[in-house]
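Below: coords.cif (mmCIF, N, CA and C atoms)
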```
data_data
#
loop_
_atom_site.label_atom_id
_atom_site.label_comp_id
_atom_site.auth_asym_id
_atom_site.auth_seq_id
_atom_site.Cartn_x
_atom_site.Cartn_y
_atom_site.Cartn_z
N MET G 13 97.23 98.30 23.92
CA MET G 13 96.87 96.93 23.59
C MET G 13 95.94 96.90 22.37
N ARG G 14 95.00 97.84 22.31
CA ARG G 14 94.06 97.86 21.19
C ARG G 14 94.79 97.97 19.87
N LYS G 15 95.74 98.92 19.78
CA LYS G 15 96.47 99.11 18.53
C LYS G 15 97.21 97.84 18.13
N GLU G 16 97.84 97.20 19.09
CA GLU G 16 98.59 95.98 18.80
C GLU G 16 97.67 94.87 18.27
N ILE G 17 96.54 94.69 18.90
CA ILE G 17 95.61 93.64 18.47
C ILE G 17 94.99 93.99 17.11
N LEU G 18 94.62 95.25 16.92
CA LEU G 18 94.07 95.65 15.62
C LEU G 18 95.11 95.51 14.52
N ASP G 19 96.37 95.77 14.83
CA ASP G 19 97.44 95.56 13.84
C ASP G 19 97.53 94.07 13.46
N ILE G 20 97.34 93.20 14.43
CA ILE G 20 97.36 91.75 14.16
C ILE G 20 96.17 91.37 13.27
N ILE G 21 95.00 91.92 13.56
CA ILE G 21 93.81 91.64 12.75
C ILE G 21 94.02 92.16 11.33
N VAL G 22 94.55 93.37 11.20
CA VAL G 22 94.81 93.94 9.87
C VAL G 22 95.81 93.08 9.11
N ALA G 23 96.87 92.63 9.78
CA ALA G 23 97.88 91.78 9.13
C ALA G 23 97.26 90.46 8.67
N SER G 24 96.40 89.88 9.49
CA SER G 24 95.74 88.63 9.12
C SER G 24 94.82 88.83 7.92
N GLN G 25 94.07 89.93 7.93
CA GLN G 25 93.16 90.23 6.82
C GLN G 25 93.96 90.53 5.55
N THR G 26 95.08 91.21 5.69
CA THR G 26 95.95 91.50 4.55
C THR G 26 96.49 90.21 3.96
N ASP G 27 96.90 89.28 4.82
CA ASP G 27 97.36 87.96 4.35
C ASP G 27 96.26 87.25 3.58
N LEU G 28 95.04 87.30 4.10
CA LEU G 28 93.91 86.66 3.42
C LEU G 28 93.71 87.26 2.03
N VAL G 29 93.73 88.59 1.94
CA VAL G 29 93.56 89.27 0.65
C VAL G 29 94.68 88.86 -0.31
N ASN G 30 95.91 88.84 0.18
CA ASN G 30 97.04 88.48 -0.68
C ASN G 30 96.95 87.03 -1.15
N ASN G 31 96.52 86.14 -0.27
CA ASN G 31 96.36 84.73 -0.66
C ASN G 31 95.25 84.57 -1.70
N LEU G 32 94.17 85.33 -1.53
CA LEU G 32 93.10 85.29 -2.53
C LEU G 32 93.59 85.80 -3.88
N LYS G 33 94.42 86.84 -3.86
CA LYS G 33 94.98 87.37 -5.12
C LYS G 33 95.85 86.33 -5.80
N LYS G 34 96.66 85.61 -5.02
CA LYS G 34 97.52 84.55 -5.58
C LYS G 34 96.67 83.43 -6.18
N SER G 35 95.64 83.03 -5.45
CA SER G 35 94.76 81.98 -5.95
C SER G 35 94.04 82.42 -7.22
N LEU G 36 93.63 83.66 -7.23
CA LEU G 36 92.95 84.20 -8.41
C LEU G 36 93.88 84.21 -9.61
N ALA G 37 95.15 84.52 -9.38
CA ALA G 37 96.13 84.50 -10.48
C ALA G 37 96.27 83.09 -11.04
N THR G 38 96.20 82.09 -10.18
CA THR G 38 96.25 80.69 -10.62
C THR G 38 95.04 80.36 -11.48
N TYR G 39 93.86 80.80 -11.05
CA TYR G 39 92.66 80.58 -11.86
C TYR G 39 92.74 81.32 -13.19
N GLU G 40 93.32 82.52 -13.16
CA GLU G 40 93.47 83.30 -14.39
C GLU G 40 94.26 82.50 -15.42
N SER G 41 95.38 81.92 -14.99
CA SER G 41 96.20 81.17 -15.95
C SER G 41 95.52 79.87 -16.36
N ALA G 42 94.76 79.27 -15.47
CA ALA G 42 94.09 78.01 -15.79
C ALA G 42 92.92 78.23 -16.75
N THR G 43 92.32 79.39 -16.72
CA THR G 43 91.18 79.65 -17.60
C THR G 43 91.59 80.31 -18.90
N ASP G 44 92.87 80.57 -19.04
CA ASP G 44 93.37 81.18 -20.26
C ASP G 44 93.65 80.10 -21.30
N LEU G 45 92.62 79.39 -21.66
CA LEU G 45 92.71 78.27 -22.59
C LEU G 45 92.38 78.78 -24.00
N ASP G 46 93.16 78.40 -24.95
CA ASP G 46 92.92 78.80 -26.34
C ASP G 46 91.74 77.99 -26.86
N GLU G 47 90.60 78.67 -26.96
CA GLU G 47 89.37 77.98 -27.35
C GLU G 47 89.44 77.42 -28.78
N GLU G 48 90.17 78.09 -29.67
CA GLU G 48 90.24 77.62 -31.05
C GLU G 48 91.03 76.32 -31.18
N SER G 49 92.04 76.17 -30.32
CA SER G 49 92.85 74.95 -30.42
C SER G 49 92.25 73.81 -29.60
N THR G 50 91.17 74.09 -28.89
CA THR G 50 90.54 73.07 -28.06
C THR G 50 89.19 72.70 -28.63
N ILE G 51 89.07 71.45 -29.00
CA ILE G 51 87.77 70.99 -29.49
C ILE G 51 87.17 69.95 -28.55
N ASP G 52 87.92 69.57 -27.54
CA ASP G 52 87.46 68.59 -26.56
C ASP G 52 86.40 69.24 -25.66
N LEU G 53 85.22 68.65 -25.64
CA LEU G 53 84.13 69.20 -24.83
C LEU G 53 84.45 69.17 -23.34
N ASP G 54 85.20 68.16 -22.90
CA ASP G 54 85.59 68.09 -21.48
C ASP G 54 86.47 69.28 -21.12
N ASP G 55 87.40 69.66 -21.99
CA ASP G 55 88.25 70.82 -21.74
C ASP G 55 87.43 72.10 -21.65
N GLN G 56 86.47 72.25 -22.54
CA GLN G 56 85.64 73.45 -22.52
C GLN G 56 84.74 73.47 -21.28
N SER G 57 84.24 72.32 -20.87
CA SER G 57 83.42 72.24 -19.66
C SER G 57 84.27 72.59 -18.43
N HIS G 58 85.48 72.08 -18.40
CA HIS G 58 86.40 72.36 -17.29
C HIS G 58 86.71 73.86 -17.25
N GLN G 59 86.90 74.45 -18.41
CA GLN G 59 87.17 75.89 -18.47
C GLN G 59 85.98 76.68 -17.93
N ALA G 60 84.77 76.27 -18.27
CA ALA G 60 83.57 76.97 -17.77
C ALA G 60 83.48 76.87 -16.25
N ASP G 61 83.80 75.70 -15.70
CA ASP G 61 83.80 75.52 -14.24
C ASP G 61 84.83 76.45 -13.59
N LEU G 62 86.00 76.53 -14.20
CA LEU G 62 87.04 77.40 -13.65
C LEU G 62 86.63 78.88 -13.74
N GLN G 63 85.94 79.24 -14.81
CA GLN G 63 85.46 80.62 -14.94
C GLN G 63 84.48 80.95 -13.80
N ASP G 64 83.60 80.00 -13.49
CA ASP G 64 82.66 80.19 -12.38
C ASP G 64 83.40 80.37 -11.06
N LEU G 65 84.40 79.52 -10.83
CA LEU G 65 85.19 79.63 -9.60
C LEU G 65 85.93 80.96 -9.55
N LYS G 66 86.43 81.39 -10.69
CA LYS G 66 87.14 82.67 -10.77
C LYS G 66 86.20 83.82 -10.41
N MET G 67 84.98 83.79 -10.90
CA MET G 67 84.02 84.85 -10.57
C MET G 67 83.71 84.86 -9.07
N GLU G 68 83.51 83.67 -8.50
CA GLU G 68 83.24 83.59 -7.06
C GLU G 68 84.43 84.11 -6.26
N MET G 69 85.63 83.76 -6.70
CA MET G 69 86.82 84.22 -5.99
C MET G 69 86.99 85.73 -6.12
N ASN G 70 86.65 86.28 -7.26
CA ASN G 70 86.70 87.74 -7.44
C ASN G 70 85.74 88.43 -6.47
N GLN G 71 84.54 87.88 -6.31
CA GLN G 71 83.57 88.44 -5.37
C GLN G 71 84.10 88.36 -3.94
N LYS G 72 84.65 87.22 -3.58
CA LYS G 72 85.22 87.03 -2.23
C LYS G 72 86.36 88.02 -2.00
N LEU G 73 87.21 88.18 -3.01
CA LEU G 73 88.33 89.11 -2.90
C LEU G 73 87.83 90.53 -2.68
N ARG G 74 86.86 90.97 -3.45
CA ARG G 74 86.31 92.32 -3.29
C ARG G 74 85.72 92.50 -1.89
N MET G 75 85.00 91.50 -1.40
CA MET G 75 84.41 91.58 -0.06
C MET G 75 85.51 91.69 1.01
N GLU G 76 86.55 90.86 0.90
CA GLU G 76 87.63 90.88 1.89
C GLU G 76 88.43 92.17 1.81
N GLU G 77 88.62 92.71 0.61
CA GLU G 77 89.31 94.00 0.47
C GLU G 77 88.49 95.12 1.12
N ASN G 78 87.18 95.09 0.92
CA ASN G 78 86.31 96.09 1.55
C ASN G 78 86.35 95.96 3.07
N ASP G 79 86.34 94.71 3.57
CA ASP G 79 86.44 94.50 5.01
C ASP G 79 87.77 95.05 5.55
N LEU G 80 88.85 94.84 4.81
CA LEU G 80 90.16 95.33 5.24
C LEU G 80 90.14 96.86 5.36
N VAL G 81 89.58 97.54 4.38
CA VAL G 81 89.49 99.00 4.42
C VAL G 81 88.67 99.43 5.64
N HIS G 82 87.56 98.76 5.88
CA HIS G 82 86.68 99.12 7.00
C HIS G 82 87.37 98.83 8.34
N ILE G 83 88.04 97.69 8.45
CA ILE G 83 88.77 97.38 9.70
C ILE G 83 89.81 98.46 9.97
N LYS G 84 90.54 98.86 8.94
CA LYS G 84 91.55 99.91 9.11
C LYS G 84 90.90 101.21 9.58
N SER G 85 89.71 101.50 9.08
CA SER G 85 89.03 102.74 9.48
C SER G 85 88.59 102.71 10.94
N LEU G 86 88.45 101.52 11.51
CA LEU G 86 88.02 101.38 12.91
C LEU G 86 89.19 101.31 13.89
N ARG G 87 90.42 101.32 13.38
CA ARG G 87 91.60 101.16 14.25
C ARG G 87 91.66 102.15 15.39
N THR G 88 91.31 103.39 15.13
CA THR G 88 91.47 104.42 16.16
C THR G 88 90.20 104.65 16.97
N ARG G 89 89.13 103.97 16.64
CA ARG G 89 87.86 104.15 17.36
C ARG G 89 87.87 103.31 18.63
N GLU G 90 87.91 103.96 19.76
CA GLU G 90 87.82 103.23 21.03
C GLU G 90 86.39 103.25 21.51
N ALA G 91 86.08 102.33 22.39
CA ALA G 91 84.71 102.21 22.87
C ALA G 91 84.70 101.87 24.35
N ASP G 92 83.60 102.16 25.01
CA ASP G 92 83.42 101.75 26.40
C ASP G 92 82.21 100.85 26.55
N GLN G 93 81.62 100.48 25.40
CA GLN G 93 80.51 99.54 25.38
C GLN G 93 80.60 98.70 24.11
N ILE G 94 79.85 97.62 24.07
CA ILE G 94 79.88 96.75 22.89
C ILE G 94 79.12 97.45 21.77
N GLN G 95 79.88 97.77 20.73
CA GLN G 95 79.37 98.44 19.54
C GLN G 95 80.35 98.16 18.41
N GLU G 96 80.03 98.59 17.20
CA GLU G 96 80.94 98.37 16.09
C GLU G 96 82.29 98.98 16.39
N GLY G 97 83.34 98.20 16.16
CA GLY G 97 84.70 98.67 16.39
C GLY G 97 85.24 98.40 17.78
N ALA G 98 84.39 97.94 18.69
CA ALA G 98 84.84 97.67 20.06
C ALA G 98 85.71 96.42 20.09
N LEU G 99 86.72 96.46 20.93
CA LEU G 99 87.54 95.29 21.21
C LEU G 99 87.22 94.89 22.64
N VAL G 100 86.60 93.73 22.79
CA VAL G 100 86.11 93.27 24.09
C VAL G 100 87.06 92.19 24.62
N GLU G 101 87.52 92.36 25.84
CA GLU G 101 88.39 91.37 26.47
C GLU G 101 87.61 90.62 27.54
N THR G 102 87.67 89.28 27.47
CA THR G 102 87.13 88.43 28.52
C THR G 102 88.30 87.62 29.07
N GLU G 103 88.02 86.76 30.00
CA GLU G 103 89.07 85.92 30.60
C GLU G 103 89.77 85.06 29.54
N ASN G 104 88.99 84.58 28.56
CA ASN G 104 89.51 83.59 27.61
C ASN G 104 89.84 84.12 26.22
N ALA G 105 89.32 85.30 25.87
CA ALA G 105 89.47 85.73 24.48
C ALA G 105 89.29 87.23 24.34
N PHE G 106 89.64 87.70 23.13
CA PHE G 106 89.33 89.06 22.70
C PHE G 106 88.31 88.94 21.57
N TYR G 107 87.35 89.85 21.54
CA TYR G 107 86.33 89.85 20.49
C TYR G 107 86.35 91.21 19.82
N PHE G 108 86.58 91.21 18.52
CA PHE G 108 86.51 92.45 17.75
C PHE G 108 85.14 92.51 17.09
N VAL G 109 84.40 93.56 17.39
CA VAL G 109 83.02 93.67 16.95
C VAL G 109 82.95 94.40 15.60
N GLY G 110 82.34 93.72 14.65
CA GLY G 110 82.13 94.33 13.35
C GLY G 110 82.34 93.38 12.19
N PHE G 111 83.21 92.39 12.37
CA PHE G 111 83.55 91.47 11.29
C PHE G 111 83.79 90.08 11.84
N ALA G 112 83.33 89.10 11.11
CA ALA G 112 83.67 87.71 11.43
C ALA G 112 84.95 87.37 10.68
N PHE G 113 85.86 86.69 11.35
CA PHE G 113 87.09 86.24 10.71
C PHE G 113 87.60 85.01 11.45
N ALA G 114 88.53 84.31 10.82
CA ALA G 114 89.10 83.11 11.43
C ALA G 114 89.82 83.49 12.73
N PRO G 115 89.73 82.65 13.75
CA PRO G 115 90.40 82.95 15.02
C PRO G 115 91.90 83.15 14.85
N ILE G 116 92.44 84.08 15.64
CA ILE G 116 93.86 84.40 15.63
C ILE G 116 94.37 84.21 17.06
N GLU G 117 95.54 83.61 17.20
CA GLU G 117 96.14 83.43 18.53
C GLU G 117 96.92 84.68 18.93
N TYR G 118 96.77 85.07 20.21
CA TYR G 118 97.50 86.23 20.72
C TYR G 118 97.72 86.04 22.21
N GLU G 119 98.96 85.90 22.62
CA GLU G 119 99.34 85.78 24.03
C GLU G 119 98.47 84.79 24.80
N GLY G 120 98.27 83.61 24.22
CA GLY G 120 97.52 82.55 24.89
C GLY G 120 96.01 82.69 24.81
N LYS G 121 95.53 83.73 24.14
CA LYS G 121 94.10 83.93 23.97
C LYS G 121 93.79 83.95 22.47
N LYS G 122 92.55 83.73 22.15
CA LYS G 122 92.10 83.84 20.77
C LYS G 122 91.52 85.24 20.55
N ILE G 123 91.73 85.74 19.34
CA ILE G 123 91.06 86.95 18.89
C ILE G 123 90.00 86.47 17.92
N LEU G 124 88.74 86.80 18.21
CA LEU G 124 87.62 86.35 17.40
C LEU G 124 86.85 87.56 16.87
N GLY G 125 86.31 87.41 15.69
CA GLY G 125 85.51 88.47 15.12
C GLY G 125 84.03 88.19 15.32
N VAL G 126 83.29 89.24 15.62
CA VAL G 126 81.84 89.13 15.80
C VAL G 126 81.17 90.03 14.77
N SER G 127 80.43 89.44 13.88
CA SER G 127 79.70 90.19 12.86
C SER G 127 78.58 91.01 13.49
N LEU G 128 78.30 92.15 12.89
CA LEU G 128 77.18 92.96 13.36
C LEU G 128 75.84 92.28 13.09
N HIS G 129 75.86 91.25 12.24
CA HIS G 129 74.64 90.51 11.91
C HIS G 129 74.47 89.25 12.76
N ALA G 130 75.43 88.97 13.61
CA ALA G 130 75.41 87.74 14.42
C ALA G 130 74.49 87.91 15.63
N PRO G 131 73.84 86.83 16.03
CA PRO G 131 73.02 86.88 17.25
C PRO G 131 73.85 87.30 18.47
N ALA G 132 75.14 86.96 18.48
CA ALA G 132 76.00 87.33 19.61
C ALA G 132 76.10 88.86 19.74
N PHE G 133 76.12 89.55 18.62
CA PHE G 133 76.17 91.02 18.69
C PHE G 133 74.84 91.55 19.23
N ALA G 134 73.75 91.07 18.68
CA ALA G 134 72.43 91.54 19.11
C ALA G 134 72.22 91.30 20.61
N ALA G 135 72.70 90.18 21.11
CA ALA G 135 72.50 89.82 22.52
C ALA G 135 73.38 90.64 23.46
N ASN G 136 74.44 91.24 22.94
CA ASN G 136 75.41 91.91 23.81
C ASN G 136 75.60 93.40 23.54
N GLU G 137 74.98 93.92 22.52
CA GLU G 137 75.16 95.32 22.16
C GLU G 137 74.85 96.21 23.36
N GLY G 138 75.75 97.16 23.60
CA GLY G 138 75.57 98.12 24.69
C GLY G 138 76.11 97.69 26.04
N LYS G 139 76.50 96.43 26.17
CA LYS G 139 77.05 95.97 27.46
C LYS G 139 78.41 96.64 27.70
N THR G 140 78.75 96.76 29.00
CA THR G 140 79.97 97.46 29.38
C THR G 140 80.85 96.58 30.28
N LYS G 141 82.01 97.11 30.62
CA LYS G 141 82.95 96.41 31.49
C LYS G 141 82.24 95.95 32.76
N GLY G 142 82.46 94.67 33.12
CA GLY G 142 81.85 94.10 34.32
C GLY G 142 80.57 93.32 34.03
N ASP G 143 79.91 93.61 32.90
CA ASP G 143 78.71 92.88 32.51
C ASP G 143 79.09 91.47 32.04
N GLU G 144 78.09 90.61 31.97
CA GLU G 144 78.30 89.28 31.40
C GLU G 144 77.96 89.31 29.91
N MET G 145 78.86 88.78 29.12
CA MET G 145 78.67 88.67 27.68
C MET G 145 78.13 87.28 27.40
N VAL G 146 77.02 87.21 26.67
CA VAL G 146 76.40 85.93 26.37
C VAL G 146 76.79 85.51 24.96
N LEU G 147 77.38 84.33 24.86
CA LEU G 147 77.80 83.78 23.57
C LEU G 147 77.23 82.38 23.47
N GLY G 148 76.06 82.28 22.85
CA GLY G 148 75.38 80.99 22.77
C GLY G 148 74.97 80.56 24.17
N GLU G 149 75.46 79.39 24.58
CA GLU G 149 75.15 78.88 25.92
C GLU G 149 76.16 79.36 26.97
N ASN G 150 77.22 80.03 26.53
CA ASN G 150 78.28 80.45 27.44
C ASN G 150 78.12 81.90 27.86
N LYS G 151 78.53 82.16 29.09
CA LYS G 151 78.57 83.53 29.60
C LYS G 151 79.99 83.81 30.05
N GLN G 152 80.47 85.01 29.70
CA GLN G 152 81.81 85.41 30.09
C GLN G 152 81.75 86.85 30.61
N LYS G 153 82.46 87.10 31.68
CA LYS G 153 82.50 88.43 32.24
C LYS G 153 83.41 89.31 31.37
N ILE G 154 82.95 90.50 31.09
CA ILE G 154 83.72 91.45 30.30
C ILE G 154 84.76 92.09 31.22
N LYS G 155 86.03 91.82 30.93
CA LYS G 155 87.13 92.39 31.71
C LYS G 155 87.42 93.82 31.31
N ASN G 156 87.33 94.07 30.01
CA ASN G 156 87.63 95.41 29.52
C ASN G 156 87.07 95.58 28.11
N ILE G 157 86.86 96.82 27.73
CA ILE G 157 86.45 97.15 26.37
C ILE G 157 87.35 98.29 25.92
N TYR G 158 87.96 98.10 24.75
CA TYR G 158 88.87 99.11 24.21
C TYR G 158 88.29 99.71 22.95
#
```
Written form, structure tokens:
Amino acid sequence: MRKEILDIIVASQTDLVNNLKKSLATYESATDLDEESTIDLDDQSHQADLQDLKMEMNQKLRMEENDLVHIKSLRTREADQIQEGALVETENAFYFVGFAFAPIEYEGKKILGVSLHAPAFAANEGKTKGDEMVLGENKQKIKNIY
């Protein structure tokens, strides 16, 4: 089950990286304005705004690519307690510890990412199967950890 869920997370992260690359290519073409043929200040201002967005998107892309490499490196690491790389199963969801990402649907449950910097990680680190996992105001019993 762990491999299957991690494959889904990797596929989702890969899709995110590919979508960012496509968006970045759009910004690349939009910012490729011939400055000599453009004397309109509004055009130059718009180009500067697009350059800023392009830089931000490049940073986001690099971060997501690094996350993808790290997620892949954690694929084979199994755990018996909540720690980086652990896949925690509760009644309602799966939690992958190490990265925050958009929820993914899997067999009627959500797969959610928990950042190592999140209060949820700090509150639950080291817990094992059968313990209660505290997520904000909610408590969920840990069914399994992979």
Task: Nearby residues (all atoms listed in the file) at most 8 Å from Ile154 in chain G, same-chain spacing under 2 positions excluded, as a list in words - done: Val100, Glu101, Thr102, Glu103, Lys139, Thr140, Lys141, Gly142, Asp143, Glu144, Met145, Lys151, Gln152, Asn156 and Ile157 of chain G
Task: For Ala132 in chain G: contacts at 10 Å, only C-alpha atoms, fewer than 5 positions along chain excluded, given as a ChimeraX atom specification - done: /G:109,126-127,137,145-148
Selection from above, N, CA and C atoms, as a compact mmCIF listing (two decimals), in the frame of the given file, can you write it?
```txt
# COMPACT_ATOMS: atom_id res chain seq x y z
N VAL G 109 84.40 93.56 17.39
CA VAL G 109 83.02 93.67 16.95
C VAL G 109 82.95 94.40 15.60
N VAL G 126 83.29 89.24 15.62
CA VAL G 126 81.84 89.13 15.80
C VAL G 126 81.17 90.03 14.77
N SER G 127 80.43 89.44 13.88
CA SER G 127 79.70 90.19 12.86
C SER G 127 78.58 91.01 13.49
N GLU G 137 74.98 93.92 22.52
CA GLU G 137 75.16 95.32 22.16
C GLU G 137 74.85 96.21 23.36
N MET G 145 78.86 88.78 29.12
CA MET G 145 78.67 88.67 27.68
C MET G 145 78.13 87.28 27.40
N VAL G 146 77.02 87.21 26.67
CA VAL G 146 76.40 85.93 26.37
C VAL G 146 76.79 85.51 24.96
N LEU G 147 77.38 84.33 24.86
CA LEU G 147 77.80 83.78 23.57
C LEU G 147 77.23 82.38 23.47
N GLY G 148 76.06 82.28 22.85
CA GLY G 148 75.38 80.99 22.77
C GLY G 148 74.97 80.56 24.17
```
Task: DSSP strand (DSSP E) selection over chain G, as a PyMOL selection string - done: chain G and resi 99-102+105-110+116-118+121-127+144-147+150-157
File dump, residues just selected, N, CA and C atoms, as an mmCIF file, in the frame of the given file:
```cif
data_model
loop_
_atom_site.group_PDB
_atom_site.id
_atom_site.type_symbol
_atom_site.label_atom_id
_atom_site.label_comp_id
_atom_site.auth_asym_id
_atom_site.auth_seq_id
_atom_site.Cartn_x
_atom_site.Cartn_y
_atom_site.Cartn_z
ATOM 1 N N LEU G 99 86.720 96.460 20.930
ATOM 2 C CA LEU G 99 87.540 95.290 21.210
ATOM 3 C C LEU G 99 87.220 94.890 22.640
ATOM 4 N N VAL G 100 86.600 93.730 22.790
ATOM 5 C CA VAL G 100 86.110 93.270 24.090
ATOM 6 C C VAL G 100 87.060 92.190 24.620
ATOM 7 N N GLU G 101 87.520 92.360 25.840
ATOM 8 C CA GLU G 101 88.390 91.370 26.470
ATOM 9 C C GLU G 101 87.610 90.620 27.540
ATOM 10 N N THR G 102 87.670 89.280 27.470
ATOM 11 C CA THR G 102 87.130 88.430 28.520
ATOM 12 C C THR G 102 88.300 87.620 29.070
ATOM 13 N N ALA G 105 89.320 85.300 25.870
ATOM 14 C CA ALA G 105 89.470 85.730 24.480
ATOM 15 C C ALA G 105 89.290 87.230 24.340
ATOM 16 N N PHE G 106 89.640 87.700 23.130
ATOM 17 C CA PHE G 106 89.330 89.060 22.700
ATOM 18 C C PHE G 106 88.310 88.940 21.570
ATOM 19 N N TYR G 107 87.350 89.850 21.540
ATOM 20 C CA TYR G 107 86.330 89.850 20.490
ATOM 21 C C TYR G 107 86.350 91.210 19.820
ATOM 22 N N PHE G 108 86.580 91.210 18.520
ATOM 23 C CA PHE G 108 86.510 92.450 17.750
ATOM 24 C C PHE G 108 85.140 92.510 17.090
ATOM 25 N N VAL G 109 84.400 93.560 17.390
ATOM 26 C CA VAL G 109 83.020 93.670 16.950
ATOM 27 C C VAL G 109 82.950 94.400 15.600
ATOM 28 N N GLY G 110 82.340 93.720 14.650
ATOM 29 C CA GLY G 110 82.130 94.330 13.350
ATOM 30 C C GLY G 110 82.340 93.380 12.190
ATOM 31 N N ILE G 116 92.440 84.080 15.640
ATOM 32 C CA ILE G 116 93.860 84.400 15.630
ATOM 33 C C ILE G 116 94.370 84.210 17.060
ATOM 34 N N GLU G 117 95.540 83.610 17.200
ATOM 35 C CA GLU G 117 96.140 83.430 18.530
ATOM 36 C C GLU G 117 96.920 84.680 18.930
ATOM 37 N N TYR G 118 96.770 85.070 20.210
ATOM 38 C CA TYR G 118 97.500 86.230 20.720
ATOM 39 C C TYR G 118 97.720 86.040 22.210
ATOM 40 N N LYS G 121 95.530 83.730 24.140
ATOM 41 C CA LYS G 121 94.100 83.930 23.970
ATOM 42 C C LYS G 121 93.790 83.950 22.470
ATOM 43 N N LYS G 122 92.550 83.730 22.150
ATOM 44 C CA LYS G 122 92.100 83.840 20.770
ATOM 45 C C LYS G 122 91.520 85.240 20.550
ATOM 46 N N ILE G 123 91.730 85.740 19.340
ATOM 47 C CA ILE G 123 91.060 86.950 18.890
ATOM 48 C C ILE G 123 90.000 86.470 17.920
ATOM 49 N N LEU G 124 88.740 86.800 18.210
ATOM 50 C CA LEU G 124 87.620 86.350 17.400
ATOM 51 C C LEU G 124 86.850 87.560 16.870
ATOM 52 N N GLY G 125 86.310 87.410 15.690
ATOM 53 C CA GLY G 125 85.510 88.470 15.120
ATOM 54 C C GLY G 125 84.030 88.190 15.320
ATOM 55 N N VAL G 126 83.290 89.240 15.620
ATOM 56 C CA VAL G 126 81.840 89.130 15.800
ATOM 57 C C VAL G 126 81.170 90.030 14.770
ATOM 58 N N SER G 127 80.430 89.440 13.880
ATOM 59 C CA SER G 127 79.700 90.190 12.860
ATOM 60 C C SER G 127 78.580 91.010 13.490
ATOM 61 N N GLU G 144 78.090 90.610 31.970
ATOM 62 C CA GLU G 144 78.300 89.280 31.400
ATOM 63 C C GLU G 144 77.960 89.310 29.910
ATOM 64 N N MET G 145 78.860 88.780 29.120
ATOM 65 C CA MET G 145 78.670 88.670 27.680
ATOM 66 C C MET G 145 78.130 87.280 27.400
ATOM 67 N N VAL G 146 77.020 87.210 26.670
ATOM 68 C CA VAL G 146 76.400 85.930 26.370
ATOM 69 C C VAL G 146 76.790 85.510 24.960
ATOM 70 N N LEU G 147 77.380 84.330 24.860
ATOM 71 C CA LEU G 147 77.800 83.780 23.570
ATOM 72 C C LEU G 147 77.230 82.380 23.470
ATOM 73 N N ASN G 150 77.220 80.030 26.530
ATOM 74 C CA ASN G 150 78.280 80.450 27.440
ATOM 75 C C ASN G 150 78.120 81.900 27.860
ATOM 76 N N LYS G 151 78.530 82.160 29.090
ATOM 77 C CA LYS G 151 78.570 83.530 29.600
ATOM 78 C C LYS G 151 79.990 83.810 30.050
ATOM 79 N N GLN G 152 80.470 85.010 29.700
ATOM 80 C CA GLN G 152 81.810 85.410 30.090
ATOM 81 C C GLN G 152 81.750 86.850 30.610
ATOM 82 N N LYS G 153 82.460 87.100 31.680
ATOM 83 C CA LYS G 153 82.500 88.430 32.240
ATOM 84 C C LYS G 153 83.410 89.310 31.370
ATOM 85 N N ILE G 154 82.950 90.500 31.090
ATOM 86 C CA ILE G 154 83.720 91.450 30.300
ATOM 87 C C ILE G 154 84.760 92.090 31.220
ATOM 88 N N LYS G 155 86.030 91.820 30.930
ATOM 89 C CA LYS G 155 87.130 92.390 31.710
ATOM 90 C C LYS G 155 87.420 93.820 31.310
ATOM 91 N N ASN G 156 87.330 94.070 30.010
ATOM 92 C CA ASN G 156 87.630 95.410 29.520
ATOM 93 C C ASN G 156 87.070 95.580 28.110
ATOM 94 N N ILE G 157 86.860 96.820 27.730
ATOM 95 C CA ILE G 157 86.450 97.150 26.370
ATOM 96 C C ILE G 157 87.350 98.290 25.920
#
```
Task: Given the PyMOL selection byres (((chain G and resi 119 and name CA) around 12) and name CA), the residues it picks as a count of residues only - done: 14
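Separating CA of Met69 in chain G from CA of Leu86 in chain G is a distance of 25.6 Å.
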- [ ] Would you return as an MDAnalysis selection string the members of range 18-155 of chain G that DSSP assigns to helix (DSSP H, G or I) on this structure's backbone?
- [x] chainID G and resid 18:42 53:85 131:136
- [ ] May I ask for the distance between atom C of Pro131 in chain G and atom N of Leu28 in chain G, given in Å to one decimal place?
- [x]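 Atom N of Leu28 in chain G lies 25.6 Å from atom C of Pro131 in chain G.
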Open item on the list: To one decimal place in Å, what is the distance between atom C of Asn150 in chain G and atom C of Ala134 in chain G?
Closed with: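 Straight-line distance from atom C of Asn150 in chain G to atom C of Ala134 in chain G works out to 13.3 Å.
Considering all atoms listed in the file, the residue among G:Leu80, G:Pro115, G:Glu68, G:Ala60 positioned nearest to Thr26 in chain G is G:Leu80.
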TODO: Please evaluate the PyMOL selection byres (((chain G and resi 79 and name CA) around 12) and name CA) against the structure above and give the resulting residues as a list in words.
DONE: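 Applying the PyMOL selection byres (((chain G and resi 79 and name CA) around 12) and name CA) to the structure shown produces Ile21, Val22, Ser24, Gln25, Thr26, Leu28, Val29, Lys72, Leu73, Arg74, Met75, Glu76, Glu77, Asn78, Leu80, Val81, His82, Ile83, Lys84, Ser85, Leu86, Gly110, Phe111, Ala112, Phe113, Gly125 and Ser127 of chain G.
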- [ ] Name the closest residue to Tyr158 in chain G among the candidates G:Arg14, G:Asp64, G:Tyr107, G:Ala135; distances are taken between atoms, counting only C-alpha atoms.
- [x]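 Checking each candidate against Tyr158 in chain G, we get G:Arg14 as the closest.
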Could you write out as AutoDock Vina command-line options the box around range 90-97 of chain G (axis-aligned, all atoms listed in the file, 8 Å on each side), with centre and edge lengths in Å to one decimal?
```
--center_x 83.5 --center_y 100.4 --center_z 21.3 --size_x 24.8 --size_y 23.2 --size_z 26.5
```
Open item on the list: Nearest residue to Leu65 in chain G out of G:Leu36, G:Glu90, G:Ala114, G:Gln95, using only C-alpha atoms?
Closed with: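 Selected residue with least distance to Leu65 in chain G: G:Leu36.
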